[in-house]
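J.: Handing you a structure now.
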2 protein chains.
Amino acid sequence: MKDVISFEIEEKEKYIILSFYINENLTPSILKRIYPPKINTRKGVVLNGRGPIWLYGFLIHFYHSTPFLAIYDPRLGAVIIESHIPELKPGDILDIYLDKEG
Amino acid sequence: MKDVISFEIEEKEKYIILSFYINENLTPSILKRIYPPKINTRKGVVLNGRGPIWLYGFLIHFYHSTPFLAIYDPRLGAVIIESHIPELKPGDILDIYLDKEG
């Protein structure tokens, strides 16, 4: 059986791209039984995928202790939304392009 | 001059509904100069509004120390995404209806 949601990790030098893929219509009860992947918490996280805002909210909270967190927007790049390091501030953009949108 | 983004607070017994309204096309640099309203941090927060995921991400981080945080979805109600209180868990739904979507 395919998972309702699957995750894929791509580790770069300074951050980890976490892409998610949804395989059917999600309902919020999924949040009671998903376990996002453990990652190297010394790196920032870029979240990438098509999904409801509440799923993003859950993932943002899940990874909130990482050095920084960004949301990938195909039109913009990775938008920093929180950061615990001085080099990056909310509103900064990492100029990356992902050809495989989650 | 109208603000690029405006906020409206509605305080309920157990939570605060924070609605936002966007008055023009937003760019991520707005995150360097918005100051979401201070709220009663003894109550949960329900976020409501139409906007990019990175704006939600910023607000989710901003209010992450409140007792719980939910995202309003007009089709579902308020979906809990994080909670520090035992009565609510991620994936639970507060059955509320907002007639004025942000």
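Ligands are numbered from 1 in the order shown, chains are lettered A, B, ... in the order of the structure tokens, and residues start at 1 in each chain.
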Please provide as a ChimeraX atom specification all residues within 8 Å of region 73-88 of chain A, with the sequence filter that same-chain residues fewer than 2 positions apart are discarded (counting only C-alpha atoms).

T.: /A:46,48,66-71,90-98,101 /B:28,31,54-55,57-58,61

J.: With C-alpha atoms kept, could you save the residues just selected as a PDB file, in the first residue's frame?

T.:
ATOM      1  CA  VAL A  46      13.579  24.027   2.887  1.00  0.00           C
ATOM      2  CA  ASN A  48       8.703  21.855  -0.754  1.00  0.00           C
ATOM      3  CA  THR A  66      16.596  23.784  12.965  1.00  0.00           C
ATOM      4  CA  PRO A  67      18.959  26.726  12.207  1.00  0.00           C
ATOM      5  CA  PHE A  68      16.542  28.166   9.681  1.00  0.00           C
ATOM      6  CA  LEU A  69      13.369  27.242   7.879  1.00  0.00           C
ATOM      7  CA  ALA A  70      12.300  28.229   4.378  1.00  0.00           C
ATOM      8  CA  ILE A  71       9.291  27.613   2.173  1.00  0.00           C
ATOM      9  CA  PRO A  90      12.860  36.209   7.567  1.00  0.00           C
ATOM     10  CA  GLY A  91      12.042  37.568   4.138  1.00  0.00           C
ATOM     11  CA  ASP A  92      15.427  36.667   2.672  1.00  0.00           C
ATOM     12  CA  ILE A  93      15.355  34.353  -0.319  1.00  0.00           C
ATOM     13  CA  LEU A  94      17.641  31.474  -1.194  1.00  0.00           C
ATOM     14  CA  ASP A  95      17.932  31.517  -4.943  1.00  0.00           C
ATOM     15  CA  ILE A  96      17.346  27.858  -5.623  1.00  0.00           C
ATOM     16  CA  TYR A  97      15.296  26.144  -8.250  1.00  0.00           C
ATOM     17  CA  LEU A  98      13.752  22.727  -7.812  1.00  0.00           C
ATOM     18  CA  GLU A 101       7.936  20.230  -7.342  1.00  0.00           C
TER      19      GLU A 101
ATOM     20  CA  PRO B  28       8.752  38.267   0.935  1.00  0.00           C
ATOM     21  CA  LEU B  31       8.505  39.882   6.460  1.00  0.00           C
ATOM     22  CA  TRP B  54       5.557  31.718   3.535  1.00  0.00           C
ATOM     23  CA  LEU B  55       3.373  34.370   5.180  1.00  0.00           C
ATOM     24  CA  GLY B  57       4.930  30.177   8.044  1.00  0.00           C
ATOM     25  CA  PHE B  58       6.101  33.486   9.440  1.00  0.00           C
ATOM     26  CA  HIS B  61       6.551  30.908  14.028  1.00  0.00           C
TER      27      HIS B  61
END

J.: Name the residues of region 5-102 of chain B that fall into helix (DSSP H, G or I) according to DSSP on the backbone, using the chain letters and numbers of this document, as a list in words.

T.: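 The helix (DSSP H, G or I) subset of region 5-102 of chain B is Pro28, Ser29, Ile30, Leu31, Lys32, Ile53, Trp54, Leu55, Tyr56, Gly57, Phe58, Leu59, Ile60, His61 and Phe62 of chain B.
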
J.: With N, CA and C atoms retained, write the just-selected residues as a JSON list (two decimals), in the first residue's frame.

T.:
[["chain", "number", "residue", "atom", "x", "y", "z"],
["B", 28, "PRO", "N", 8.23, 38.73, -0.36],
["B", 28, "PRO", "CA", 8.75, 38.27, 0.94],
["B", 28, "PRO", "C", 9.41, 39.35, 1.78],
["B", 29, "SER", "N", 9.90, 40.43, 1.15],
["B", 29, "SER", "CA", 10.56, 41.47, 1.95],
["B", 29, "SER", "C", 9.61, 42.07, 2.99],
["B", 30, "ILE", "N", 8.31, 41.89, 2.81],
["B", 30, "ILE", "CA", 7.35, 42.37, 3.81],
["B", 30, "ILE", "C", 7.66, 41.76, 5.18],
["B", 31, "LEU", "N", 8.23, 40.55, 5.18],
["B", 31, "LEU", "CA", 8.50, 39.88, 6.46],
["B", 31, "LEU", "C", 9.53, 40.63, 7.30],
["B", 32, "LYS", "N", 10.25, 41.56, 6.66],
["B", 32, "LYS", "CA", 11.23, 42.35, 7.42],
["B", 32, "LYS", "C", 10.58, 43.53, 8.13],
["B", 53, "ILE", "N", 2.04, 30.68, 1.49],
["B", 53, "ILE", "CA", 2.42, 29.78, 2.57],
["B", 53, "ILE", "C", 3.55, 30.38, 3.40],
["B", 54, "TRP", "N", 4.46, 31.13, 2.75],
["B", 54, "TRP", "CA", 5.56, 31.72, 3.54],
["B", 54, "TRP", "C", 5.04, 32.76, 4.53],
["B", 55, "LEU", "N", 3.95, 33.43, 4.20],
["B", 55, "LEU", "CA", 3.37, 34.37, 5.18],
["B", 55, "LEU", "C", 2.79, 33.59, 6.36],
["B", 56, "TYR", "N", 2.07, 32.52, 6.04],
["B", 56, "TYR", "CA", 1.58, 31.65, 7.13],
["B", 56, "TYR", "C", 2.73, 31.13, 7.98],
["B", 57, "GLY", "N", 3.79, 30.71, 7.30],
["B", 57, "GLY", "CA", 4.93, 30.18, 8.04],
["B", 57, "GLY", "C", 5.49, 31.18, 9.03],
["B", 58, "PHE", "N", 5.60, 32.41, 8.58],
["B", 58, "PHE", "CA", 6.10, 33.49, 9.44],
["B", 58, "PHE", "C", 5.18, 33.67, 10.64],
["B", 59, "LEU", "N", 3.88, 33.68, 10.40],
["B", 59, "LEU", "CA", 2.92, 33.89, 11.50],
["B", 59, "LEU", "C", 2.90, 32.70, 12.45],
["B", 60, "ILE", "N", 3.03, 31.51, 11.90],
["B", 60, "ILE", "CA", 3.06, 30.30, 12.73],
["B", 60, "ILE", "C", 4.25, 30.37, 13.69],
["B", 61, "HIS", "N", 5.38, 30.77, 13.16],
["B", 61, "HIS", "CA", 6.55, 30.91, 14.03],
["B", 61, "HIS", "C", 6.33, 32.02, 15.05],
["B", 62, "PHE", "N", 5.77, 33.10, 14.61],
["B", 62, "PHE", "CA", 5.57, 34.26, 15.50],
["B", 62, "PHE", "C", 4.72, 33.89, 16.72]]

J.: Using only C-alpha atoms, which residue out of B:Phe7, B:Tyr35, B:Tyr72, B:Phe20 lies closest to chain A?

T.: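 The shortest atom-to-atom distance to chain A comes from B:Tyr72.
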
J.: How many Å separate CA of Ser6 (chain B) from CA of Tyr21 (chain B)?

T.: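 Pair CA of Ser6 (chain B) / CA of Tyr21 (chain B) returns 5.2 Å.
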
J.: Of the candidates A:Asp99, A:Pro37, A:Thr27, A:Ile16, which shows the shortest atom-to-atom distance to chain B, using only C-alpha atoms?

T.: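 Closest to chain B, using only C-alpha atoms: A:Thr27.
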
J.: Can you pull out every residue from chain A that DSSP, working from the backbone, puts in strand (DSSP E or B), and format the result as a PyMOL selection string?

T.: chain A and resi 5-11+15-22+44-48+68-73+77-83+93-94
